[in-house]
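model11.csv follows (CSV, C-alpha atoms):
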```
chain,number,residue,atom,x,y,z
A,227,MET,CA,7.4,41.2,-53.0
A,228,SER,CA,8.4,37.7,-54.0
A,229,PHE,CA,11.3,35.3,-53.8
A,230,ALA,CA,12.1,32.2,-55.8
A,231,LEU,CA,10.7,28.9,-54.6
A,232,ALA,CA,11.3,25.3,-55.7
A,233,MET,CA,7.8,24.0,-55.3
A,234,PRO,CA,7.1,20.7,-53.6
A,235,ASP,CA,7.6,17.5,-55.8
A,236,PRO,CA,4.1,17.0,-57.4
A,237,SER,CA,4.6,13.2,-57.7
A,238,PRO,CA,2.8,12.3,-54.4
A,239,PRO,CA,-1.0,12.5,-54.6
A,240,PRO,CA,-2.3,15.8,-53.3
A,241,PRO,CA,-4.0,15.9,-49.9
A,242,LEU,CA,-7.8,15.4,-49.9
A,243,SER,CA,-9.8,18.6,-50.3
A,244,GLY,CA,-10.0,20.4,-46.9
A,245,THR,CA,-7.1,18.3,-45.5
A,246,TYR,CA,-4.0,20.3,-44.6
A,247,ARG,CA,-0.5,19.4,-43.4
A,248,SER,CA,1.9,21.8,-41.7
A,249,MET,CA,5.4,22.0,-40.5
A,250,SER,CA,6.8,24.6,-38.1
A,251,ARG,CA,10.2,25.8,-36.9
A,252,SER,CA,11.3,28.4,-34.3
A,253,HIS,CA,14.9,29.2,-33.7
A,254,VAL,CA,16.6,31.8,-31.4
A,255,GLY,CA,19.0,32.7,-34.2
A,256,ARG,CA,22.8,33.2,-34.0
A,257,VAL,CA,22.8,36.4,-31.9
A,258,ARG,CA,20.0,36.8,-29.4
A,259,LYS,CA,19.8,34.9,-26.2
A,260,VAL,CA,16.0,34.7,-25.8
A,261,ASN,CA,13.5,33.6,-28.4
A,262,GLU,CA,10.6,36.1,-28.4
A,263,ASP,CA,8.7,34.3,-31.2
A,264,ARG,CA,5.9,31.9,-30.5
A,265,VAL,CA,4.2,29.5,-33.0
A,266,LEU,CA,0.7,27.9,-33.2
A,267,ASP,CA,0.6,24.9,-35.4
A,268,ARG,CA,-2.8,23.2,-35.2
A,269,PRO,CA,-3.6,21.4,-38.5
A,270,ASP,CA,-6.3,19.5,-36.6
A,271,ARG,CA,-8.2,22.8,-36.4
A,272,ALA,CA,-6.8,24.4,-39.5
A,273,LEU,CA,-5.4,27.2,-37.4
A,274,TRP,CA,-1.9,28.5,-37.6
A,275,ALA,CA,-0.1,31.6,-36.3
A,276,ILE,CA,3.2,33.3,-35.6
A,277,ALA,CA,3.7,35.9,-32.9
A,278,ASP,CA,6.9,38.0,-32.6
A,279,GLY,CA,7.2,39.7,-29.2
A,280,MET,CA,8.6,43.1,-28.5
A,281,GLY,CA,10.0,44.4,-25.3
A,282,GLY,CA,13.2,42.5,-24.7
A,283,HIS,CA,13.9,41.9,-21.0
A,284,ARG,CA,10.5,43.6,-20.2
A,285,GLY,CA,8.7,40.6,-21.6
A,286,GLY,CA,8.5,40.3,-25.4
A,287,ASP,CA,8.4,36.6,-25.1
A,288,ILE,CA,5.5,36.9,-22.6
A,289,ALA,CA,3.6,39.2,-25.1
A,290,ALA,CA,4.0,36.6,-27.9
A,291,GLU,CA,2.9,33.8,-25.6
A,292,LEU,CA,-0.2,35.7,-24.6
A,293,ALA,CA,-1.1,36.3,-28.3
A,294,ILE,CA,-0.7,32.6,-29.1
A,295,ALA,CA,-2.4,31.5,-26.0
A,296,ALA,CA,-5.6,33.4,-27.0
A,297,LEU,CA,-5.6,31.6,-30.4
A,298,ARG,CA,-4.7,28.3,-28.8
A,299,GLY,CA,-7.8,28.7,-26.7
A,300,LEU,CA,-9.9,28.7,-29.9
A,301,ALA,CA,-8.1,25.6,-31.2
A,302,ASP,CA,-8.8,23.8,-27.9
A,303,ASP,CA,-12.4,24.7,-27.8
A,304,PRO,CA,-14.6,22.3,-29.9
A,305,ALA,CA,-16.8,25.2,-31.0
A,306,GLU,CA,-16.6,26.3,-34.6
A,307,ILE,CA,-13.7,28.7,-35.4
A,308,THR,CA,-15.0,31.7,-37.3
A,309,PRO,CA,-13.4,34.9,-38.5
A,310,ALA,CA,-15.3,36.7,-35.8
A,311,SER,CA,-13.9,34.4,-33.1
A,312,ILE,CA,-10.4,34.8,-34.3
A,313,ARG,CA,-10.7,38.6,-34.3
A,314,GLY,CA,-12.2,38.4,-30.8
A,315,ALA,CA,-9.3,36.2,-29.6
A,316,LEU,CA,-6.8,38.7,-30.9
A,317,GLU,CA,-8.6,41.6,-29.3
A,318,GLN,CA,-8.6,39.6,-26.1
A,319,ALA,CA,-4.8,39.1,-26.5
A,320,ASN,CA,-4.3,42.8,-27.1
A,321,ALA,CA,-6.0,43.6,-23.8
A,322,ALA,CA,-4.1,41.0,-21.9
A,323,ILE,CA,-0.7,42.2,-23.2
A,324,PHE,CA,-1.5,45.8,-22.6
A,325,GLU,CA,-2.5,45.0,-19.0
A,326,ARG,CA,0.7,42.9,-18.5
A,327,GLY,CA,2.9,45.7,-19.7
A,328,ALA,CA,1.1,48.4,-17.6
A,329,ALA,CA,1.5,46.2,-14.5
A,330,ALA,CA,5.2,46.0,-15.2
A,331,GLY,CA,5.5,49.7,-15.7
A,332,GLY,CA,6.3,49.6,-19.3
A,333,VAL,CA,5.2,48.7,-22.8
A,334,ILE,CA,5.4,45.2,-24.3
A,335,GLY,CA,3.8,44.0,-27.5
A,336,SER,CA,3.7,41.4,-30.2
A,337,THR,CA,3.1,41.3,-33.9
A,338,VAL,CA,0.9,38.5,-35.1
A,339,VAL,CA,-0.1,36.7,-38.3
A,340,ALA,CA,-2.8,34.0,-38.3
A,341,LEU,CA,-4.3,31.7,-40.9
A,342,HIS,CA,-7.5,29.7,-40.7
A,343,ILE,CA,-8.9,27.6,-43.5
A,344,ALA,CA,-12.5,26.5,-43.7
A,345,GLY,CA,-15.2,26.0,-46.2
A,346,GLY,CA,-12.9,26.7,-49.2
A,347,ASP,CA,-11.7,30.0,-47.7
A,348,ALA,CA,-8.3,30.9,-46.3
A,349,TRP,CA,-8.6,33.8,-43.8
A,350,ILE,CA,-5.5,35.7,-42.8
A,351,PHE,CA,-5.3,38.1,-39.9
A,352,TRP,CA,-2.3,40.3,-39.0
A,353,ALA,CA,-0.9,43.2,-37.1
A,354,GLY,CA,2.7,44.4,-37.6
A,355,ASP,CA,5.3,42.9,-39.9
A,356,SER,CA,4.9,39.2,-39.4
A,357,ARG,CA,3.9,38.0,-42.8
A,358,ALA,CA,1.9,35.5,-44.8
A,359,TYR,CA,3.1,34.3,-48.2
A,360,ARG,CA,1.5,32.1,-50.8
A,361,GLY,CA,3.4,29.8,-53.1
A,362,GLU,CA,2.4,30.6,-56.7
A,363,ASP,CA,4.1,29.9,-60.1
A,364,GLY,CA,7.4,28.8,-58.4
A,365,ALA,CA,7.7,31.9,-56.2
A,366,TRP,CA,6.5,33.1,-52.8
A,367,GLN,CA,4.0,35.9,-53.2
A,368,GLN,CA,3.6,38.2,-50.2
A,369,VAL,CA,-0.1,38.5,-49.4
A,370,THR,CA,0.1,40.7,-46.3
A,371,ARG,CA,1.2,44.3,-46.2
A,372,ASP,CA,3.5,45.3,-43.3
A,373,HIS,CA,2.3,47.8,-40.7
A,374,SER,CA,5.7,49.5,-40.5
A,375,LEU,CA,7.4,52.8,-40.9
A,376,VAL,CA,9.4,51.7,-43.9
A,377,GLN,CA,6.2,50.4,-45.6
A,378,GLN,CA,4.7,53.8,-45.2
A,379,LEU,CA,7.8,55.4,-46.7
A,380,VAL,CA,7.6,53.0,-49.7
A,381,ASP,CA,3.9,53.8,-50.1
A,382,GLN,CA,4.8,57.5,-50.1
A,383,GLY,CA,7.4,56.9,-52.8
A,384,LEU,CA,10.2,58.2,-50.6
A,385,ILE,CA,12.2,54.9,-50.7
A,386,ASP,CA,12.0,51.7,-52.8
A,387,SER,CA,11.7,48.2,-51.6
A,388,ALA,CA,15.4,47.5,-51.8
A,389,GLN,CA,16.1,50.6,-49.6
A,390,ALA,CA,13.4,49.5,-47.2
A,391,ALA,CA,15.2,46.2,-46.5
A,392,HIS,CA,18.3,48.0,-45.2
A,393,HIS,CA,16.7,51.1,-43.8
A,394,PRO,CA,18.0,52.0,-40.3
A,395,GLN,CA,14.4,52.1,-39.0
A,396,ALA,CA,13.3,48.8,-40.6
A,397,ASN,CA,12.4,47.4,-37.2
A,398,VAL,CA,9.9,50.2,-36.4
A,399,ILE,CA,6.3,48.9,-36.7
A,400,THR,CA,3.2,51.0,-36.6
A,401,ARG,CA,0.7,48.4,-35.4
A,402,ALA,CA,1.0,45.5,-32.8
A,403,LEU,CA,-0.9,43.7,-30.1
A,404,GLY,CA,-0.7,45.2,-26.6
A,405,VAL,CA,0.8,48.6,-27.4
A,406,ASN,CA,-2.5,50.5,-27.0
A,407,THR,CA,-5.9,49.7,-25.4
A,408,ALA,CA,-7.3,48.9,-28.9
A,409,VAL,CA,-5.7,47.5,-32.0
A,410,GLN,CA,-6.8,47.4,-35.6
A,411,ILE,CA,-6.5,43.9,-37.0
A,412,GLU,CA,-6.2,43.7,-40.8
A,413,ALA,CA,-7.8,40.7,-42.5
A,414,LEU,CA,-8.2,39.2,-46.0
A,415,CYS,CA,-9.8,36.1,-47.4
A,416,ARG,CA,-8.7,34.0,-50.4
A,417,THR,CA,-10.4,31.0,-51.9
A,418,THR,CA,-8.5,27.7,-51.7
A,419,MET,CA,-8.0,24.6,-53.9
A,420,PRO,CA,-6.0,21.4,-53.3
A,421,GLY,CA,-2.3,22.1,-53.8
A,422,ASP,CA,-2.1,25.4,-51.9
A,423,LEU,CA,1.1,26.3,-50.1
A,424,PHE,CA,1.2,29.0,-47.4
A,425,LEU,CA,4.0,30.4,-45.3
A,426,LEU,CA,3.6,32.4,-42.1
A,427,CYS,CA,6.7,33.9,-40.7
A,428,SER,CA,8.3,36.4,-38.4
A,429,ASP,CA,10.5,39.1,-39.8
A,430,GLY,CA,13.6,37.1,-38.8
A,431,LEU,CA,12.8,34.9,-41.8
A,432,SER,CA,11.4,37.4,-44.2
A,433,ARG,CA,14.3,39.7,-43.7
A,434,SER,CA,16.8,36.9,-44.1
A,435,LEU,CA,15.2,35.7,-47.3
A,436,ASP,CA,14.3,39.0,-48.9
A,437,SER,CA,15.6,38.1,-52.3
A,438,SER,CA,15.6,34.5,-53.1
A,439,ILE,CA,15.6,31.0,-51.5
A,440,PRO,CA,19.0,29.4,-52.3
A,441,ALA,CA,19.0,27.0,-55.2
A,442,GLY,CA,18.5,23.4,-54.3
A,443,PHE,CA,15.4,23.7,-52.2
A,444,GLY,CA,13.2,20.8,-53.1
A,445,GLY,CA,10.8,18.3,-51.8
A,446,ALA,CA,8.1,19.1,-49.2
A,447,GLY,CA,7.3,18.7,-45.6
A,448,GLU,CA,10.0,18.5,-43.0
A,449,ALA,CA,12.9,18.6,-45.5
A,450,LEU,CA,11.6,21.8,-47.0
A,451,ALA,CA,11.2,23.3,-43.5
A,452,ASP,CA,14.7,22.4,-42.6
A,453,GLU,CA,16.1,23.9,-45.8
A,454,ILE,CA,14.3,27.2,-45.2
A,455,LEU,CA,15.6,27.4,-41.6
A,456,ALA,CA,19.1,26.6,-42.6
A,457,GLY,CA,19.1,29.1,-45.4
A,458,ALA,CA,17.8,31.9,-43.1
A,459,LEU,CA,20.5,31.1,-40.5
A,460,ASP,CA,23.2,31.1,-43.2
A,461,ARG,CA,22.1,34.4,-44.7
A,462,ASP,CA,21.6,36.4,-41.4
A,463,GLY,CA,20.5,34.8,-38.2
A,464,SER,CA,20.6,38.1,-36.3
A,465,ASP,CA,17.0,37.7,-35.1
A,466,ASN,CA,14.7,35.0,-34.0
A,467,ILE,CA,13.4,32.9,-36.9
A,468,SER,CA,10.0,31.3,-36.8
A,469,PHE,CA,7.6,30.0,-39.5
A,470,VAL,CA,4.9,27.6,-40.4
A,471,LEU,CA,4.5,25.9,-43.8
A,472,VAL,CA,0.9,24.9,-44.6
A,473,THR,CA,0.2,22.7,-47.6
A,474,GLY,CA,-3.1,21.5,-49.1
A,475,GLY,CA,-4.7,24.2,-51.4
A,476,GLU,CA,-4.1,26.7,-54.2
A,477,SER,CA,-5.6,30.1,-53.6
A,478,ARG,CA,-7.0,32.6,-56.1
A,479,ALA,CA,-7.1,36.2,-55.1
A,480,ARG,CA,-10.3,37.3,-53.5
A,481,ARG,CA,-10.5,40.0,-50.8
A,482,ARG,CA,-13.3,40.7,-48.4
A,483,ALA,CA,-13.6,43.3,-45.7
```
What is this structure when it is put down as structure tokens?
Amino acid sequence: MSFALAMPDPSPPPPLSGTYRSMSRSHVGRVRKVNEDRVLDRPDRALWAIADGMGGHRGGDIAAELAIAALRGLADDPAEITPASIRGALEQANAAIFERGAAAGGVIGSTVVALHIAGGDAWIFWAGDSRAYRGEDGAWQQVTRDHSLVQQLVDQGLIDSAQAAHHPQANVITRALGVNTAVQIEALCRTTMPGDLFLLCSDGLSRSLDSSIPAGFGGAGEALADEILAGALDRDGSDNISFVLVTGGESRARRRA
């Protein structure tokens, strides 16, 4: 899946290798009263994440906060952040969310997508339908694959991607933190180069911008982030909208287990 992107103005000098800038936004949207999304934006530790809580009044916002808190703990710890430590933090978050839901007599959960860049590698971890995109050749290329019912239907050839976007069960996910005592976290790794552009987002953005970013998006940084948020609110806004833009490297496909 891809949607058109006006890439940042190349005139400013690119960031030094290994130096990343990021911009984040989180908005309750035009319909909901509570924002169940949470964002981690830590360029100082090259660690970013989006968590989208589930559970409504039972505590979806709490689930998302527990997910981000576990990753924030890594960012606050001076020890080296590694793929193993990120996976461990997410497993810790899964246990904490599950216990919180059980104590409240119900089920709460959170999707998550996290990005860490180190040593020329961009590691992406996710569970659920929060997504990571990469800017390439003027378009956003989706690099994660949703853990959702409609994705399974697409994989089985029962519906196409256009039908999936408007399917009545589009909000049914098949994997999330806190729903069970254990969770399978998917991960991939891509090499990076100066000039990369990554986007992490909740489904409130990916669903609102499922075809194309409106013409006129330009520049980089805060202006681009404001344009993306405004476009998502104009097109839909029925859900919470959260995202992080990360600039500083160009990735070439390389997957590792």
Checklist entry - Restricting the calculation to all atoms listed in the file, which member of A:Ser356, A:Thr407, A:Ser464, A:Thr473 is positioned closest to Gln318 of chain A? => result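 Nearest candidate to Gln318 of chain A out of A:Ser356, A:Thr407, A:Ser464, A:Thr473: A:Thr407.
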Report as JSON lines the residues of segment 316-403 of chain A within 12 Å of segment 246-266 of chain A, each with its shortest atom pair and distance in Å (one decimal), using all atoms listed in the file, ordered by chain and increasing residue number.
```
{"residue": "A:Ile334", "atom": "CA", "partner": "A:Glu262", "partner_atom": "CA", "distance": 11.3}
{"residue": "A:Gly335", "atom": "CA", "partner": "A:Glu262", "partner_atom": "CA", "distance": 10.5}
{"residue": "A:Ser336", "atom": "CA", "partner": "A:Asp263", "partner_atom": "CA", "distance": 8.7}
{"residue": "A:Thr337", "atom": "CA", "partner": "A:Asp263", "partner_atom": "CA", "distance": 9.4}
{"residue": "A:Val338", "atom": "CA", "partner": "A:Arg264", "partner_atom": "CA", "distance": 9.5}
{"residue": "A:Val339", "atom": "CA", "partner": "A:Val265", "partner_atom": "CA", "distance": 9.9}
{"residue": "A:Ala340", "atom": "CA", "partner": "A:Leu266", "partner_atom": "CA", "distance": 8.7}
{"residue": "A:Leu341", "atom": "CA", "partner": "A:Leu266", "partner_atom": "CA", "distance": 9.9}
{"residue": "A:His342", "atom": "CA", "partner": "A:Tyr246", "partner_atom": "CA", "distance": 10.8}
{"residue": "A:Ile343", "atom": "CA", "partner": "A:Tyr246", "partner_atom": "CA", "distance": 8.9}
{"residue": "A:Ala344", "atom": "CA", "partner": "A:Tyr246", "partner_atom": "CA", "distance": 10.6}
{"residue": "A:Gly346", "atom": "CA", "partner": "A:Tyr246", "partner_atom": "CA", "distance": 11.9}
{"residue": "A:Ala348", "atom": "CA", "partner": "A:Tyr246", "partner_atom": "CA", "distance": 11.6}
{"residue": "A:Ser356", "atom": "CA", "partner": "A:Asp263", "partner_atom": "CA", "distance": 10.3}
```
Checklist entry - Using all atoms listed in the file, which of A:Leu316, A:Leu471, A:Ile276, A:Leu425 sits nearest Gln410 of chain A? => result A:Leu316
Item to check | Between atom CA of Asp422 of chain A and atom CA of Val369 of chain A, distance in Å (one decimal) | outcome: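 Atom CA of Val369 of chain A lies at a distance of 13.5 Å from atom CA of Asp422 of chain A.
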Checklist entry - Between atom CA of Arg357 of chain A and atom CA of Leu431 of chain A, what is the distance, to one decimal in Å? => result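 Result for atom CA of Arg357 of chain A versus atom CA of Leu431 of chain A: 9.5 Å, one decimal.
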Checklist entry - With distances taken over only C-alpha atoms, which of A:Phe324, A:Asp347, A:Asp462, A:Ser428 is nearest to Asp278 of chain A? => result A:Ser428
Next on the checklist: Between atom CA of Cys415 of chain A and atom CA of Asp363 of chain A, what distance in Å does the model show, to one decimal?
Outcome noted: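 Pair atom CA of Cys415 of chain A / atom CA of Asp363 of chain A returns 19.8 Å.
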Checklist entry - Looking at A:Ala315, A:Ile399, A:Ala289, A:Ala275, which one is nearest to Phe469 of chain A, with distances taken over all atoms listed in the file? => result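 Answer, going by the shortest atom-to-atom distance: A:Ala275.
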Next on the checklist: I want to know what sits within 8 Å of Ala322 of chain A, based on only C-alpha atoms, with residues of the same chain fewer than 3 positions away left out; could you give that as a list in words?
Outcome noted: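 Near Ala322 of chain A, the qualifying residues are Leu292, Gln318, Ala319, Glu325, Arg326 and Gly404 of chain A.
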Item to check | Nearest to Gln367 of chain A by atom-to-atom distance, counting only C-alpha atoms, from A:Asp267, A:Leu426, A:Ala277, A:Ala301 | outcome: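 Selected residue with least distance to Gln367 of chain A: A:Leu426.
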Would you mind putting all heavy atoms back on segment 446-457 of chain A and writing the result as a PDB file, keeping the file's coordinate frame?
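So the final result, stored in part-v8.pdb, reads:
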```pdb
ATOM      1  N   ALA A 446       9.140  18.456 -50.014  1.00  0.00           N
ATOM      2  CA  ALA A 446       8.100  19.100 -49.200  1.00  0.00           C
ATOM      3  C   ALA A 446       8.239  18.677 -47.787  1.00  0.00           C
ATOM      4  O   ALA A 446       9.095  17.877 -47.428  1.00  0.00           O
ATOM      5  CB  ALA A 446       6.725  18.766 -49.791  1.00  0.00           C
ATOM      6  N   GLY A 447       7.405  19.182 -46.967  1.00  0.00           N
ATOM      7  CA  GLY A 447       7.300  18.700 -45.600  1.00  0.00           C
ATOM      8  C   GLY A 447       8.540  19.119 -44.781  1.00  0.00           C
ATOM      9  O   GLY A 447       9.080  20.213 -44.885  1.00  0.00           O
ATOM     10  N   GLU A 448       8.988  18.180 -43.922  1.00  0.00           N
ATOM     11  CA  GLU A 448      10.000  18.500 -43.000  1.00  0.00           C
ATOM     12  C   GLU A 448      11.346  18.866 -43.676  1.00  0.00           C
ATOM     13  O   GLU A 448      12.066  19.744 -43.193  1.00  0.00           O
ATOM     14  CB  GLU A 448      10.287  17.229 -42.097  1.00  0.00           C
ATOM     15  CG  GLU A 448       9.071  16.765 -41.310  1.00  0.00           C
ATOM     16  CD  GLU A 448       8.581  17.797 -40.302  1.00  0.00           C
ATOM     17  OE1 GLU A 448       9.399  18.641 -39.870  1.00  0.00           O
ATOM     18  OE2 GLU A 448       7.390  17.763 -39.945  1.00  0.00           O
ATOM     19  N   ALA A 449      11.653  18.242 -44.791  1.00  0.00           N
ATOM     20  CA  ALA A 449      12.900  18.600 -45.500  1.00  0.00           C
ATOM     21  C   ALA A 449      12.876  20.021 -45.976  1.00  0.00           C
ATOM     22  O   ALA A 449      13.874  20.738 -45.864  1.00  0.00           O
ATOM     23  CB  ALA A 449      13.101  17.620 -46.677  1.00  0.00           C
ATOM     24  N   LEU A 450      11.749  20.469 -46.507  1.00  0.00           N
ATOM     25  CA  LEU A 450      11.600  21.800 -47.000  1.00  0.00           C
ATOM     26  C   LEU A 450      11.754  22.820 -45.802  1.00  0.00           C
ATOM     27  O   LEU A 450      12.424  23.848 -45.890  1.00  0.00           O
ATOM     28  CB  LEU A 450      10.317  22.050 -47.717  1.00  0.00           C
ATOM     29  CG  LEU A 450      10.038  23.460 -48.243  1.00  0.00           C
ATOM     30  CD1 LEU A 450      11.143  23.921 -49.184  1.00  0.00           C
ATOM     31  CD2 LEU A 450       8.685  23.514 -48.943  1.00  0.00           C
ATOM     32  N   ALA A 451      11.109  22.489 -44.687  1.00  0.00           N
ATOM     33  CA  ALA A 451      11.200  23.300 -43.500  1.00  0.00           C
ATOM     34  C   ALA A 451      12.625  23.454 -43.016  1.00  0.00           C
ATOM     35  O   ALA A 451      13.095  24.547 -42.652  1.00  0.00           O
ATOM     36  CB  ALA A 451      10.275  22.812 -42.402  1.00  0.00           C
ATOM     37  N   ASP A 452      13.336  22.339 -42.984  1.00  0.00           N
ATOM     38  CA  ASP A 452      14.700  22.400 -42.600  1.00  0.00           C
ATOM     39  C   ASP A 452      15.586  23.213 -43.497  1.00  0.00           C
ATOM     40  O   ASP A 452      16.482  23.953 -43.060  1.00  0.00           O
ATOM     41  CB  ASP A 452      15.293  20.942 -42.497  1.00  0.00           C
ATOM     42  CG  ASP A 452      14.726  20.140 -41.342  1.00  0.00           C
ATOM     43  OD1 ASP A 452      14.194  20.756 -40.380  1.00  0.00           O
ATOM     44  OD2 ASP A 452      14.807  18.900 -41.389  1.00  0.00           O
ATOM     45  N   GLU A 453      15.329  23.127 -44.790  1.00  0.00           N
ATOM     46  CA  GLU A 453      16.100  23.900 -45.800  1.00  0.00           C
ATOM     47  C   GLU A 453      15.841  25.406 -45.580  1.00  0.00           C
ATOM     48  O   GLU A 453      16.766  26.215 -45.649  1.00  0.00           O
ATOM     49  CB  GLU A 453      15.658  23.502 -47.188  1.00  0.00           C
ATOM     50  CG  GLU A 453      16.079  22.102 -47.605  1.00  0.00           C
ATOM     51  CD  GLU A 453      17.482  22.075 -48.177  1.00  0.00           C
ATOM     52  OE1 GLU A 453      18.208  23.062 -48.017  1.00  0.00           O
ATOM     53  OE2 GLU A 453      17.845  21.062 -48.790  1.00  0.00           O
ATOM     54  N   ILE A 454      14.607  25.779 -45.340  1.00  0.00           N
ATOM     55  CA  ILE A 454      14.300  27.200 -45.200  1.00  0.00           C
ATOM     56  C   ILE A 454      14.970  27.743 -43.914  1.00  0.00           C
ATOM     57  O   ILE A 454      15.559  28.829 -43.929  1.00  0.00           O
ATOM     58  CB  ILE A 454      12.760  27.393 -45.083  1.00  0.00           C
ATOM     59  CG1 ILE A 454      12.132  27.121 -46.454  1.00  0.00           C
ATOM     60  CG2 ILE A 454      12.408  28.806 -44.607  1.00  0.00           C
ATOM     61  CD1 ILE A 454      10.624  27.173 -46.456  1.00  0.00           C
ATOM     62  N   LEU A 455      14.925  26.988 -42.804  1.00  0.00           N
ATOM     63  CA  LEU A 455      15.600  27.400 -41.600  1.00  0.00           C
ATOM     64  C   LEU A 455      17.085  27.553 -41.768  1.00  0.00           C
ATOM     65  O   LEU A 455      17.700  28.557 -41.375  1.00  0.00           O
ATOM     66  CB  LEU A 455      15.250  26.489 -40.437  1.00  0.00           C
ATOM     67  CG  LEU A 455      15.917  26.810 -39.093  1.00  0.00           C
ATOM     68  CD1 LEU A 455      15.556  28.210 -38.622  1.00  0.00           C
ATOM     69  CD2 LEU A 455      15.533  25.775 -38.046  1.00  0.00           C
ATOM     70  N   ALA A 456      17.689  26.540 -42.369  1.00  0.00           N
ATOM     71  CA  ALA A 456      19.100  26.600 -42.600  1.00  0.00           C
ATOM     72  C   ALA A 456      19.536  27.746 -43.460  1.00  0.00           C
ATOM     73  O   ALA A 456      20.545  28.421 -43.207  1.00  0.00           O
ATOM     74  CB  ALA A 456      19.600  25.249 -43.198  1.00  0.00           C
ATOM     75  N   GLY A 457      18.749  28.022 -44.494  1.00  0.00           N
ATOM     76  CA  GLY A 457      19.100  29.100 -45.400  1.00  0.00           C
ATOM     77  C   GLY A 457      18.967  30.468 -44.667  1.00  0.00           C
ATOM     78  O   GLY A 457      19.807  31.356 -44.867  1.00  0.00           O
TER      79      GLY A 457
END
```
